[in-house]
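A.B. asks: Input model17.txt, format and content: compact mmCIF, C-alpha atoms.
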# COMPACT_ATOMS: atom_id res chain seq x y z
CA MET A 125 15.01 12.20 45.26
CA ALA A 126 11.28 12.52 44.69
CA VAL A 127 8.27 14.21 46.26
CA VAL A 128 4.63 13.22 45.97
CA GLY A 129 1.54 15.40 46.31
CA LEU A 130 0.22 18.59 44.80
CA GLN A 131 1.45 21.03 47.45
CA GLU A 132 4.91 19.47 47.66
CA THR A 133 5.18 19.37 43.88
CA LEU A 134 4.13 23.01 43.48
CA GLU A 135 6.65 24.07 46.12
CA ALA A 136 9.48 22.21 44.40
CA LEU A 137 8.46 23.67 41.03
CA ALA A 138 8.36 27.19 42.49
CA ASN A 139 11.87 26.62 43.91
CA GLY A 140 13.23 25.41 40.57
CA GLN A 141 14.05 21.97 41.98
CA VAL A 142 12.28 19.89 39.35
CA GLU A 143 14.12 17.90 36.73
CA GLU A 144 11.20 15.73 35.62
CA LEU A 145 7.50 16.01 36.42
CA LEU A 146 5.53 12.77 36.20
CA ILE A 147 1.85 13.67 36.23
CA SER A 148 -1.12 11.33 36.40
CA GLY A 149 -3.73 11.47 33.66
CA ALA A 150 -6.30 11.21 36.45
CA LEU A 151 -5.25 14.60 37.83
CA GLU A 152 -7.55 16.51 35.46
CA GLU A 153 -10.45 14.24 36.45
CA SER A 154 -9.90 14.77 40.15
CA HIS A 155 -9.22 18.54 39.85
CA PRO A 156 -11.49 19.84 37.05
CA GLN A 157 -12.26 23.21 38.68
CA LEU A 158 -10.13 26.24 39.51
CA GLU A 159 -8.64 25.98 43.00
CA GLU A 160 -6.94 28.35 45.42
CA VAL A 161 -3.16 28.45 45.23
CA GLN A 162 -0.89 30.39 47.59
CA ALA A 163 0.36 33.60 45.99
CA ILE A 164 3.97 32.68 46.67
CA LEU A 165 3.60 29.54 44.51
CA ALA A 166 2.09 31.38 41.53
CA PRO A 167 2.90 35.09 41.85
CA GLU A 168 2.47 35.61 38.11
CA LEU A 169 -1.25 34.79 38.31
CA PRO A 170 -3.60 37.70 39.01
CA ASP A 171 -5.46 37.83 42.31
CA SER A 172 -9.20 38.50 42.63
CA GLU A 173 -8.57 42.23 41.99
CA GLY A 174 -6.57 41.53 38.83
CA GLY A 175 -3.19 42.46 40.28
CA THR A 176 -0.12 40.40 41.08
CA LYS A 177 1.38 42.28 44.04
CA SER A 178 -0.91 41.06 46.84
CA GLU A 179 -0.48 37.97 49.00
CA ASP A 180 -4.09 36.95 48.29
CA PRO A 181 -4.58 33.39 47.01
CA ARG A 182 -4.82 32.88 43.26
CA GLN A 183 -7.36 30.78 41.35
CA ALA A 184 -5.76 28.23 39.03
CA SER A 185 -6.28 24.94 37.27
CA LEU A 186 -3.84 22.71 39.16
CA PRO A 187 -3.01 20.43 36.22
CA ASP A 188 -2.34 23.46 33.99
CA LEU A 189 -0.31 25.20 36.70
CA LEU A 190 1.89 22.13 37.30
CA VAL A 191 2.68 21.74 33.59
CA THR A 192 3.22 25.48 33.06
CA LYS A 193 5.58 25.75 36.04
CA ALA A 194 7.52 22.68 34.87
CA LYS A 195 7.92 24.04 31.35
CA GLN A 196 8.98 27.47 32.64
CA SER A 197 11.74 25.87 34.67
CA GLY A 198 12.95 23.61 31.84
CA ALA A 199 11.73 20.40 33.47
CA THR A 200 10.64 17.45 31.37
CA VAL A 201 6.92 16.67 31.65
CA THR A 202 5.74 13.07 31.36
CA LEU A 203 2.02 12.30 31.39
CA SER A 204 1.07 8.90 32.78
CA LYS A 205 -1.95 7.55 30.94
CA THR A 206 -2.62 4.95 33.60
CA ARG A 207 -4.16 5.66 36.94
CA PRO A 208 -1.68 5.75 39.83
CA CYS A 209 -0.93 2.35 41.36
CA SER A 210 -2.52 0.37 38.53
CA ASN A 211 -0.05 -2.41 39.34
CA ARG A 212 -1.21 -3.31 42.84
CA SER A 213 1.21 -6.21 43.15
CA ALA A 214 4.11 -3.74 43.40
CA VAL A 215 2.51 -1.48 46.02
CA SER A 216 0.54 -2.23 49.14
CA PRO A 217 -3.21 -1.83 48.51
CA ARG A 218 -3.58 0.61 51.38
CA SER A 219 -0.98 3.11 50.14
CA CYS A 220 -2.17 2.62 46.58
CA ASP A 221 -5.74 3.61 47.45
CA GLY A 222 -4.55 6.85 49.00
CA ALA A 223 -2.39 7.68 45.99
CA SER A 224 -5.17 7.08 43.48
CA LYS A 225 -7.57 9.29 45.42
CA LEU A 226 -5.04 12.12 45.37
CA ALA A 227 -4.18 11.72 41.67
CA ILE A 228 -0.62 12.49 42.57
CA GLY A 229 2.01 14.51 40.79
CA LEU A 230 5.44 12.93 41.20
CA LEU A 231 8.64 14.75 40.44
CA MET A 232 12.35 14.27 40.55
CA GLN A 233 14.36 17.01 42.21
CA LYS A 234 17.57 18.36 40.73
CA HIS A 235 20.69 17.47 42.63
CA VAL A 236 22.12 20.37 44.60
CA GLN A 237 25.88 20.46 44.94
CA ASP A 238 27.33 21.21 48.35
CA HIS A 239 29.74 24.12 48.42
Show the structure stored in the file as structure tokens.
C.D. replies:
Amino acid sequence: MAVVGLQETLEALANGQVEELLISGALEESHPQLEEVQAILAPELPDSEGGTKSEDPRQASLPDLLVTKAKQSGATVTLSKTRPCSNRSAVSPRSCDGASKLAIGLLMQKHVQDH
């Protein structure tokens, strides 16, 4: 099973559901600045007051946060040096354009056993 997108990827990482994180090299280009992240997804980061107990959004580099969260959970991190959808013959041009604009993070979720 896989999820695509920054928010979905961060949520899966925060829930410990990631086995392998495949991250686009274009992600740093498309997200060079610090961005707001929900406190629940990165509670270890300080808020604007310097504390970690509030529900206020945190400022983070998304590429750094994705890799850090993956490493903390024991997930394998694979960096793709090509831009997403570089092989347009395998993907429809329309969906490919959307993916390359997002500079997606793709991950594989761990299998959860039913009890």
A.B. asks: Please identify all polymer residues within 8 Å of Leu190 of chain A, counting only C-alpha atoms, omitting same-chain residues fewer than 2 positions from it, and present them as a PDB file with C-alpha atoms, in the coordinates of the input.
C.D. replies:
ATOM      1  CA  THR A 133       5.180  19.370  43.880  1.00  0.00           C
ATOM      2  CA  LEU A 134       4.130  23.010  43.480  1.00  0.00           C
ATOM      3  CA  LEU A 137       8.460  23.670  41.030  1.00  0.00           C
ATOM      4  CA  LEU A 186      -3.840  22.710  39.160  1.00  0.00           C
ATOM      5  CA  PRO A 187      -3.010  20.430  36.220  1.00  0.00           C
ATOM      6  CA  ASP A 188      -2.340  23.460  33.990  1.00  0.00           C
ATOM      7  CA  THR A 192       3.220  25.480  33.060  1.00  0.00           C
ATOM      8  CA  LYS A 193       5.580  25.750  36.040  1.00  0.00           C
ATOM      9  CA  ALA A 194       7.520  22.680  34.870  1.00  0.00           C
TER      10      ALA A 194
END
A.B. asks: Please list, as a PyMOL selection string, the residues that have an atom at most 7 Å away from (8.0, 8.8, 31.3) in the coordinates of this file, counting all atoms listed in the file.
C.D. replies: chain A and resi 146+202-203
A.B. asks: Just how far from atom CA of Leu189 of chain A is atom CA of Ala138 of chain A, in Å to one decimal?
C.D. replies: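 Pair atom CA of Ala138 of chain A / atom CA of Leu189 of chain A returns 10.6 Å.
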A.B. asks: Using all atoms listed in the file, which of the listed residues (A:Ser148, A:Gln141, A:Gln196, A:Gln131) sits closest to Gln162 of chain A?
C.D. replies: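 Nearest candidate to Gln162 of chain A out of A:Ser148, A:Gln141, A:Gln196, A:Gln131: A:Gln131.
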A.B. asks: Might you pull out every residue within 6 Å of Ala199 of chain A, with only C-alpha atoms counted and same-chain residues fewer than 3 positions away left off, and present them as a PyMOL selection string?
C.D. replies: chain A and resi 142-144+194-195
A.B. asks: In Å, rounded to a single decimal, give me how far atom CA of Glu179 of chain A is from atom CA of Glu159 of chain A.
C.D. replies: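 Between these atoms lies a distance of 15.7 Å.
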A.B. asks: Can you tell me how far atom CA of Asp180 of chain A sits from atom CA of Leu151 of chain A, in Å to one decimal?
C.D. replies: 24.7 Å
A.B. asks: Using all atoms listed in the file, pick whichever of A:Pro156, A:Gly140, A:Gly149, A:Gly198 has the shortest atom-to-atom distance to Ala184 of chain A.
C.D. replies: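 Checking each of A:Pro156, A:Gly140, A:Gly149, A:Gly198 against Ala184 of chain A, counting all atoms listed in the file, the winner is A:Pro156.
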A.B. asks: Identify which of the residues A:Leu158, A:Pro181, A:Val127, A:Ile147 lies closest to Ser204 of chain A, counting only C-alpha atoms when measuring atom-to-atom distances.
C.D. replies: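 For Ser204 of chain A, the nearest of the candidates is A:Ile147.
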